[in-house]
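Note: the block below is work_13.tsv and it holds TSV, C-alpha atoms.
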chain	number	residue	atom	x	y	z
A	19	MET	CA	0.00	0.00	0.00
A	20	ALA	CA	1.59	3.32	-1.09
A	21	ILE	CA	2.00	6.19	1.36
A	22	PRO	CA	-0.95	8.49	0.56
A	23	LEU	CA	-0.79	12.11	-0.56
A	24	GLU	CA	-2.69	14.91	1.15
A	25	ASP	CA	-3.06	18.65	0.63
A	26	PHE	CA	-0.29	20.38	2.54
A	27	GLY	CA	-2.59	22.92	4.12
A	28	ARG	CA	-3.54	25.96	2.07
A	29	THR	CA	-0.59	25.39	-0.30
A	30	LYS	CA	-2.70	22.66	-1.92
A	31	HIS	CA	0.50	20.78	-2.76
A	32	ARG	CA	-0.24	17.07	-2.61
A	33	SER	CA	2.51	16.07	-0.21
A	34	SER	CA	3.21	12.54	0.94
A	35	ARG	CA	1.88	12.21	4.49
A	36	VAL	CA	5.41	11.24	5.46
A	37	ILE	CA	7.91	14.05	4.91
A	38	PHE	CA	11.63	13.40	4.69
A	39	GLY	CA	13.41	15.02	7.63
A	40	ALA	CA	16.77	15.81	6.06
A	41	ALA	CA	18.50	16.29	9.41
A	42	ALA	CA	19.40	12.66	8.77
A	43	LEU	CA	21.85	13.88	6.10
A	44	SER	CA	23.72	16.33	8.33
A	45	SER	CA	26.95	14.34	8.54
A	46	VAL	CA	26.76	11.60	5.89
A	47	THR	CA	28.62	11.21	2.60
A	48	GLN	CA	26.98	11.99	-0.72
A	49	ALA	CA	26.95	8.27	-1.52
A	50	VAL	CA	24.94	7.55	1.64
A	51	ALA	CA	22.61	10.46	0.86
A	52	ASP	CA	22.03	9.16	-2.66
A	53	ARG	CA	21.09	5.74	-1.30
A	54	ALA	CA	18.59	7.48	0.97
A	55	LEU	CA	17.11	9.17	-2.11
A	56	GLU	CA	16.54	5.75	-3.65
A	57	VAL	CA	14.63	4.72	-0.52
A	58	LEU	CA	12.52	7.89	-0.66
A	59	GLN	CA	11.69	7.34	-4.32
A	60	LYS	CA	10.76	3.72	-3.66
A	61	HIS	CA	8.15	4.88	-1.12
A	62	GLY	CA	6.88	7.87	-3.10
A	63	ILE	CA	8.12	10.61	-0.76
A	64	ASN	CA	7.81	13.99	-2.51
A	65	HIS	CA	8.46	16.51	0.30
A	66	ILE	CA	11.88	17.34	1.78
A	67	ASP	CA	12.36	19.26	5.04
A	68	VAL	CA	15.89	20.57	5.60
A	69	ALA	CA	17.45	23.49	7.51
A	70	ALA	CA	20.43	25.81	7.29
A	71	SER	CA	21.63	24.42	10.63
A	72	TYR	CA	21.56	20.75	9.57
A	73	GLY	CA	25.29	20.42	8.87
A	74	ASP	CA	25.86	19.43	5.23
A	75	ALA	CA	22.25	18.41	4.63
A	76	GLU	CA	21.43	21.23	2.17
A	77	LEU	CA	24.57	20.32	0.18
A	78	ARG	CA	23.57	16.63	0.15
A	79	VAL	CA	20.10	17.47	-1.18
A	80	LYS	CA	21.48	19.71	-3.94
A	81	PRO	CA	22.34	16.91	-6.43
A	82	TRP	CA	18.88	15.42	-5.97
A	83	LEU	CA	17.28	18.59	-7.27
A	84	LYS	CA	19.24	18.89	-10.50
A	85	GLY	CA	16.77	18.09	-13.25
A	86	ALA	CA	14.20	16.97	-10.69
A	87	ARG	CA	13.31	20.22	-8.91
A	88	GLY	CA	9.62	19.75	-9.62
A	89	SER	CA	9.60	16.29	-8.06
A	90	PHE	CA	9.87	17.63	-4.52
A	91	PHE	CA	8.16	20.20	-2.33
A	92	LEU	CA	11.28	21.77	-0.83
A	93	ALA	CA	11.37	23.31	2.64
A	94	THR	CA	14.27	24.78	4.58
A	95	LYS	CA	14.62	26.81	7.79
A	96	THR	CA	16.44	29.74	9.32
A	97	GLY	CA	17.48	30.02	12.94
A	98	GLU	CA	18.27	33.71	12.61
A	99	ARG	CA	16.01	36.16	14.44
A	100	LYS	CA	16.87	39.50	12.79
A	101	ALA	CA	15.86	40.38	9.24
A	102	LYS	CA	19.35	41.09	7.91
A	103	ASP	CA	20.82	37.85	9.25
A	104	ALA	CA	17.82	35.78	8.12
A	105	ARG	CA	17.99	37.32	4.64
A	106	GLU	CA	21.66	36.41	4.35
A	107	GLN	CA	21.00	32.88	5.55
A	108	LEU	CA	18.22	32.39	3.02
A	109	HIS	CA	20.52	33.34	0.14
A	110	ARG	CA	23.13	30.95	1.50
A	111	SER	CA	20.54	28.17	1.64
A	112	LEU	CA	19.42	28.84	-1.93
A	113	ASP	CA	23.04	28.65	-3.06
A	114	ARG	CA	23.74	25.47	-1.11
A	115	LEU	CA	20.57	23.86	-2.48
A	116	GLY	CA	21.26	25.07	-6.02
A	117	VAL	CA	17.74	26.50	-6.48
A	118	ASP	CA	16.26	29.93	-7.16
A	119	HIS	CA	13.47	29.53	-4.59
A	120	VAL	CA	12.13	27.19	-1.93
A	121	ASP	CA	8.51	26.21	-1.46
A	122	LEU	CA	8.52	26.71	2.31
A	123	TRP	CA	10.84	28.77	4.50
A	124	GLN	CA	10.42	28.24	8.24
A	125	LEU	CA	11.46	30.17	11.33
A	126	HIS	CA	13.33	27.40	13.11
A	127	ASN	CA	12.75	26.45	16.76
A	128	LEU	CA	10.99	29.68	17.65
A	129	ALA	CA	10.53	28.95	21.34
A	130	ASP	CA	12.54	31.36	23.51
A	131	PRO	CA	10.27	34.31	24.47
A	132	ILE	CA	12.86	36.99	23.74
A	133	GLU	CA	13.86	35.44	20.42
A	134	TRP	CA	10.18	35.00	19.59
A	135	ASP	CA	9.47	38.68	20.06
A	136	THR	CA	12.58	39.70	18.10
A	137	ALA	CA	11.75	37.43	15.17
A	138	LEU	CA	8.11	38.49	14.91
A	139	SER	CA	8.61	42.24	15.40
A	140	PRO	CA	9.58	44.90	12.82
A	141	GLY	CA	13.19	44.27	11.79
A	142	GLY	CA	12.84	40.59	12.68
A	143	ALA	CA	13.14	37.42	10.61
A	144	ILE	CA	9.45	37.56	9.71
A	145	GLU	CA	10.13	40.81	7.85
A	146	ALA	CA	12.76	39.03	5.75
A	147	ALA	CA	10.34	36.15	5.13
A	148	VAL	CA	7.55	38.41	3.85
A	149	GLU	CA	10.03	40.29	1.68
A	150	ALA	CA	11.38	37.00	0.27
A	151	ARG	CA	7.84	35.85	-0.49
A	152	GLU	CA	7.18	39.07	-2.39
A	153	GLN	CA	10.41	38.52	-4.35
A	154	GLY	CA	9.51	34.93	-5.25
A	155	LEU	CA	12.38	33.46	-3.26
A	156	VAL	CA	9.96	31.57	-0.99
A	157	ARG	CA	6.36	30.62	-1.64
A	158	TRP	CA	5.13	29.87	1.87
A	159	ILE	CA	6.21	30.70	5.44
A	160	GLY	CA	6.21	28.34	8.42
A	161	VAL	CA	7.30	28.08	12.04
A	162	THR	CA	8.86	25.15	13.92
A	163	GLY	CA	9.74	24.30	17.51
A	164	HIS	CA	10.52	21.78	20.25
A	165	GLY	CA	9.77	21.47	23.94
A	166	ALA	CA	6.89	21.18	26.37
A	167	GLN	CA	5.79	24.76	25.75
A	168	ILE	CA	5.85	24.73	21.95
A	169	ALA	CA	2.20	23.87	21.27
A	170	ALA	CA	1.17	26.85	23.40
A	171	ASN	CA	3.86	28.97	21.78
A	172	HIS	CA	2.72	28.08	18.26
A	173	ARG	CA	-0.80	29.21	19.20
A	174	ARG	CA	0.65	32.63	20.00
A	175	SER	CA	2.75	32.57	16.84
A	176	ILE	CA	-0.13	31.97	14.45
A	177	ALA	CA	-2.13	34.67	16.22
A	178	ARG	CA	0.75	37.09	15.64
A	179	PHE	CA	1.42	36.07	12.00
A	180	ASP	CA	-0.64	33.91	9.65
A	181	PHE	CA	1.90	31.12	9.14
A	182	ASP	CA	1.25	28.57	6.41
A	183	SER	CA	2.60	25.64	8.43
A	184	VAL	CA	3.64	24.64	11.93
A	185	LEU	CA	5.95	21.84	13.06
A	186	LEU	CA	6.10	20.35	16.57
A	187	PRO	CA	6.49	17.08	18.53
A	188	TYR	CA	3.62	14.61	18.50
A	189	ASN	CA	3.70	11.08	19.88
A	190	PHE	CA	1.73	9.00	22.37
A	191	VAL	CA	3.87	9.79	25.42
A	192	THR	CA	4.09	13.53	24.75
A	193	MET	CA	0.31	13.65	24.43
A	194	GLN	CA	-0.10	12.14	27.90
A	195	SER	CA	0.80	15.57	29.28
A	196	THR	CA	-2.52	17.32	29.88
A	197	TYR	CA	-0.96	20.74	29.35
A	198	TYR	CA	0.69	19.76	26.06
A	199	ALA	CA	-2.34	17.85	24.80
A	200	GLU	CA	-4.74	20.71	25.49
A	201	ASN	CA	-2.53	23.16	23.65
A	202	PHE	CA	-1.89	20.76	20.78
A	203	GLU	CA	-5.65	20.27	20.35
A	204	GLY	CA	-6.22	24.02	20.45
A	205	LEU	CA	-3.46	24.60	17.91
A	206	PHE	CA	-4.71	21.82	15.65
A	207	ALA	CA	-8.25	23.21	15.67
A	208	GLU	CA	-7.05	26.70	14.81
A	209	CYS	CA	-4.78	25.36	12.07
A	210	ALA	CA	-7.70	23.44	10.58
A	211	LYS	CA	-9.73	26.67	10.44
A	212	ARG	CA	-6.92	28.60	8.83
A	213	GLY	CA	-5.74	25.91	6.40
A	214	THR	CA	-2.36	25.77	8.16
A	215	ALA	CA	-0.42	22.54	7.59
A	216	VAL	CA	0.57	20.60	10.73
A	217	GLN	CA	3.87	18.72	10.63
A	218	THR	CA	4.89	16.42	13.48
A	219	ILE	CA	8.27	15.23	14.72
A	220	LYS	CA	9.65	12.75	17.28
A	221	SER	CA	7.28	9.94	16.29
A	222	ILE	CA	9.74	7.21	17.30
A	223	ALA	CA	11.40	8.97	20.25
A	224	LEU	CA	12.15	6.52	23.06
A	225	ARG	CA	13.83	8.67	25.75
A	226	PRO	CA	16.64	11.17	26.30
A	227	TRP	CA	20.15	9.68	26.07
A	228	ALA	CA	20.73	10.81	29.68
A	229	GLY	CA	24.43	9.91	29.72
A	230	ARG	CA	24.11	6.65	27.79
A	231	ASP	CA	26.44	6.09	24.83
A	232	ARG	CA	24.89	7.53	21.69
A	233	THR	CA	24.46	4.80	19.11
A	234	ARG	CA	22.36	6.90	16.70
A	235	SER	CA	22.69	10.38	15.22
A	236	THR	CA	19.39	11.50	16.75
A	237	TRP	CA	19.66	13.80	19.80
A	238	TYR	CA	17.23	11.45	21.59
A	239	GLU	CA	17.34	7.67	21.85
A	240	PRO	CA	14.94	6.25	19.22
A	241	LEU	CA	12.89	3.10	19.03
A	242	GLU	CA	14.69	0.54	16.87
A	243	ASP	CA	12.60	-2.62	16.76
A	244	GLN	CA	10.43	-2.70	13.63
A	245	GLY	CA	7.35	-3.78	15.55
A	246	ASP	CA	7.75	-0.89	18.00
A	247	ILE	CA	8.36	1.59	15.18
A	248	ASP	CA	5.23	0.28	13.46
A	249	LEU	CA	3.07	1.12	16.48
A	250	ALA	CA	4.60	4.57	16.98
A	251	VAL	CA	4.30	5.53	13.31
A	252	TRP	CA	0.78	4.12	12.98
A	253	TRP	CA	-0.32	6.06	16.06
A	254	VAL	CA	0.73	9.36	14.44
A	255	LEU	CA	-0.66	8.52	11.02
A	256	GLY	CA	-3.91	7.46	12.67
A	257	ARG	CA	-4.71	11.12	13.20
A	258	PRO	CA	-6.10	12.63	9.98
A	259	GLY	CA	-4.68	16.00	9.04
A	260	VAL	CA	-1.13	15.65	10.34
A	261	PHE	CA	2.09	14.95	8.47
A	262	LEU	CA	4.86	12.82	9.96
A	263	ASN	CA	8.45	14.01	9.49
A	264	THR	CA	10.92	11.14	9.45
A	265	VAL	CA	13.68	10.35	11.92
A	266	GLY	CA	17.07	12.12	12.03
A	267	ASP	CA	19.05	8.91	11.45
A	268	VAL	CA	19.42	7.71	7.89
A	269	ASP	CA	19.72	4.05	8.91
A	270	LEU	CA	16.29	4.11	10.56
A	271	LEU	CA	14.64	5.79	7.55
A	272	PRO	CA	13.70	2.50	5.79
A	273	LYS	CA	12.00	1.20	8.94
A	274	VAL	CA	9.88	4.33	9.34
A	275	LEU	CA	8.87	4.35	5.68
A	276	ASP	CA	8.14	0.63	5.71
A	277	ALA	CA	5.86	1.12	8.71
A	278	ALA	CA	4.10	4.04	7.03
A	279	GLU	CA	3.52	2.09	3.84
A	280	ARG	CA	1.82	-0.70	5.81
A	281	PHE	CA	-0.39	1.65	7.85
A	282	GLU	CA	-4.05	0.63	8.07
A	283	ARG	CA	-5.43	1.83	11.42
A	284	ARG	CA	-4.35	3.53	14.63
A	285	PRO	CA	-3.32	1.25	17.53
A	286	ASP	CA	-5.55	1.54	20.58
A	287	ASP	CA	-4.40	2.95	23.91
A	288	ALA	CA	-3.82	-0.51	25.35
A	289	ALA	CA	-1.33	-1.35	22.61
A	290	MET	CA	0.46	1.97	23.08
A	291	LYS	CA	0.61	1.63	26.88
A	292	SER	CA	2.07	-1.83	26.41
A	293	LEU	CA	4.71	-0.36	24.09
A	294	VAL	CA	5.58	2.32	26.65
A	295	GLU	CA	5.97	-0.25	29.43
A	296	ARG	CA	7.87	-2.77	27.31
A	297	SER	CA	10.32	-0.26	25.87
A	298	ARG	CA	10.44	1.95	28.98
A	299	THR	CA	9.64	5.03	26.95
A	300	GLU	CA	10.17	8.36	28.74
A	301	PRO	CA	8.99	11.87	27.85
A	302	LEU	CA	11.58	13.97	26.03
A	303	PHE	CA	10.21	17.21	27.44
A	304	VAL	CA	9.22	17.98	31.02
Could you express the structure from this file as structure tokens?
Amino acid sequence: MAIPLEDFGRTKHRSSRVIFGAAALSSVTQAVADRALEVLQKHGINHIDVAASYGDAELRVKPWLKGARGSFFLATKTGERKAKDAREQLHRSLDRLGVDHVDLWQLHNLADPIEWDTALSPGGAIEAAVEAREQGLVRWIGVTGHGAQIAANHRRSIARFDFDSVLLPYNFVTMQSTYYAENFEGLFAECAKRGTAVQTIKSIALRPWAGRDRTRSTWYEPLEDQGDIDLAVWWVLGRPGVFLNTVGDVDLLPKVLDAAERFERRPDDAAMKSLVERSRTEPLFV
């Protein structure tokens, strides 16, 4: 069963419900990146999410786009908060990607209150984003973030500026927090009204490394067993209207995509609670 396509919010682009999180390419060779492209093509993934801060990832994506620019909805991000710096970073990203525009440019990890106000005020990164949209350098503008407060923060962000997409954590354990769940539901409802696309991350997060030896390139310890990944991925995809961004480790990419291709229905709470107990899953954010 192929991974289905769905309108990416008001953009109306028919994006695969699973989006390639190109953080997985931050420190790999071009040969490894090209093998990942073959996996993406096999599963029909047509949406790439990268960022200026993801090491060499923009450079690794560049060869994929030569002659095939129209095959992918291309998103990148800026972590800069002031207009001048963000503008410069966008031009650097365009050069590194080898393109004359991106489909989606996102204000990356906009969580800190002071940075938030700087970025969304006159002279901030949002000013550069609107200018770039007017110039045809970006088509759509989004916002991303991590942490226990980010669902609430995104609600403030879309009230301040009419973003075309949001990106934030979403998995069974994170949604057991009443505070996070209430704000996620409020954000999701408002996004549905506005036609704002909702992207989700951390679908297969297991727990923080917490001093353990890091065996994966993800900043959190991920699930690795295919059966466990199946449940975690199916739980996310079982919610209509959200997109799932893949894991930041290229070796786990095939497992996530395989799970997504076999998705039929959402696991019930009993199955998910069993997974949490069996794997000893812990919240990433407290």
For Ser45 in chain A, which residue among A:Leu77, A:Ile168, A:Leu271, A:Ile21 is the nearest when counting only C-alpha atoms? A:Leu77
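What separates CA of Thr94 in chain A from CA of Leu125 in chain A is a distance of 9.1 Å.
Taking CA of Gly62 in chain A as the reference point, CA of Asp267 in chain A is found at 19.0 Å.
Closest approach to Lys100 in chain A from the set A:Leu155, A:Val120, A:Ala166, A:Ala147 is made by A:Ala147, with distances taken over all atoms listed in the file.
Take the candidates A:Met193, A:Val265, A:Ala143, A:Ile132 and check each one against Ala40 in chain A using all atoms listed in the file; the shortest distance goes to A:Val265.
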Sorted by chain and rising residue number, which residues of range 187-234 of chain A lie within 12 Å of range 277-291 of chain A, and what are their closest atom pairs and distances in Å to one decimal, counting all atoms listed in the file, as a Markdown table?
| residue | atom | partner | partner_atom | distance |
| --- | --- | --- | --- | --- |
| A:Asn189 | CA | A:Met290 | CA | 10.2 |
| A:Phe190 | CA | A:Met290 | CA | 7.2 |
| A:Val191 | CA | A:Met290 | CA | 8.8 |
| A:Met193 | CA | A:Asp287 | CA | 11.7 |
| A:Gln194 | CA | A:Lys291 | CA | 10.6 |
| A:Ser221 | CA | A:Ala278 | CA | 11.4 |
| A:Ile222 | CA | A:Ala277 | CA | 11.2 |
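From CA of Asp180 in chain A back to CA of Ala207 in chain A, the distance works out to 14.4 Å.
Closest approach to Ser235 in chain A among A:Glu295, A:Asp269, A:Glu152, A:Asp135 is made by A:Asp269 (distances from all atoms listed in the file).
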Give me the residues near Glu24 in chain A as a PyMOL selection string, where near means some atom within 12 Å (using all atoms listed in the file) and where sequence neighbours in that chain fewer than 4 positions away do not count. chain A and resi 28-37+63-65+215-216+255+258-262
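Proximity to Phe38 in chain A was assessed for A:Tyr238, A:Trp253, A:Phe90, A:Phe202 counting only C-alpha atoms; the smallest distance is recorded for A:Phe90.
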Shortest interatomic distance to Asp118 in chain A - which of A:Thr264, A:Ser183, A:Asn201, A:Gln153, counting all atoms listed in the file: A:Gln153
At a cut-off of 10 Å, using only C-alpha atoms, what residues contact Leu186 in chain A? Leave out same-chain residues fewer than 2 positions from it and give the result as JSON, numbers by chain. {"A": [127, 161, 162, 163, 164, 165, 166, 168, 169, 172, 184, 188, 202, 216, 217, 218, 219, 220, 263]}
List every protein, DNA or RNA residue with an atom no more than 9 Å from (8.4, 1.7, 10.5) in the file's coordinates, counting only C-alpha atoms, and format the result as a list in words. Ile222, Asp243, Gln244, Gly245, Asp246, Ile247, Asp248, Leu249, Ala250, Val251, Trp252, Leu270, Leu271, Pro272, Lys273, Val274, Leu275, Asp276, Ala277, Ala278, Glu279 and Arg280 of chain A
Using all atoms listed in the file, which protein or nucleic acid residues come within 12 Å of Arg99 in chain A? Drop anything in the same chain fewer than 2 positions from it, and give the result as number ranges by chain. A: 95-97, 101-107, 124-147
Generate a file of the selected residues that holds C-alpha atoms, formatted as a JSON list (two decimals), in the coordinates of the input.
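again.json, freshly written:
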[["chain", "number", "residue", "atom", "x", "y", "z"],
["A", 95, "LYS", "CA", 14.62, 26.81, 7.79],
["A", 96, "THR", "CA", 16.44, 29.74, 9.32],
["A", 97, "GLY", "CA", 17.48, 30.02, 12.94],
["A", 101, "ALA", "CA", 15.86, 40.38, 9.24],
["A", 102, "LYS", "CA", 19.35, 41.09, 7.91],
["A", 103, "ASP", "CA", 20.82, 37.85, 9.25],
["A", 104, "ALA", "CA", 17.82, 35.78, 8.12],
["A", 105, "ARG", "CA", 17.99, 37.32, 4.64],
["A", 106, "GLU", "CA", 21.66, 36.41, 4.35],
["A", 107, "GLN", "CA", 21.00, 32.88, 5.55],
["A", 124, "GLN", "CA", 10.42, 28.24, 8.24],
["A", 125, "LEU", "CA", 11.46, 30.17, 11.33],
["A", 126, "HIS", "CA", 13.33, 27.40, 13.11],
["A", 127, "ASN", "CA", 12.75, 26.45, 16.76],
["A", 128, "LEU", "CA", 10.99, 29.68, 17.65],
["A", 129, "ALA", "CA", 10.53, 28.95, 21.34],
["A", 130, "ASP", "CA", 12.54, 31.36, 23.51],
["A", 131, "PRO", "CA", 10.27, 34.31, 24.47],
["A", 132, "ILE", "CA", 12.86, 36.99, 23.74],
["A", 133, "GLU", "CA", 13.86, 35.44, 20.42],
["A", 134, "TRP", "CA", 10.18, 35.00, 19.59],
["A", 135, "ASP", "CA", 9.47, 38.68, 20.06],
["A", 136, "THR", "CA", 12.58, 39.70, 18.10],
["A", 137, "ALA", "CA", 11.75, 37.43, 15.17],
["A", 138, "LEU", "CA", 8.11, 38.49, 14.91],
["A", 139, "SER", "CA", 8.61, 42.24, 15.40],
["A", 140, "PRO", "CA", 9.58, 44.90, 12.82],
["A", 141, "GLY", "CA", 13.19, 44.27, 11.79],
["A", 142, "GLY", "CA", 12.84, 40.59, 12.68],
["A", 143, "ALA", "CA", 13.14, 37.42, 10.61],
["A", 144, "ILE", "CA", 9.45, 37.56, 9.71],
["A", 145, "GLU", "CA", 10.13, 40.81, 7.85],
["A", 146, "ALA", "CA", 12.76, 39.03, 5.75],
["A", 147, "ALA", "CA", 10.34, 36.15, 5.13]]
Can you pull out the residues contacting Gly116 in chain A? Cut-off 8 Å, using all atoms listed in the file, and skip same-chain residues under 3 positions away; I want them as an MDAnalysis selection string. chainID A and resid 80 83:84 112:113
Put those residues in a file: C-alpha atoms, as a CSV table (one decimal), in the frame of the given file.
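Produced file result_9.csv, reproduced below:
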chain,number,residue,atom,x,y,z
A,80,LYS,CA,21.5,19.7,-3.9
A,83,LEU,CA,17.3,18.6,-7.3
A,84,LYS,CA,19.2,18.9,-10.5
A,112,LEU,CA,19.4,28.8,-1.9
A,113,ASP,CA,23.0,28.6,-3.1
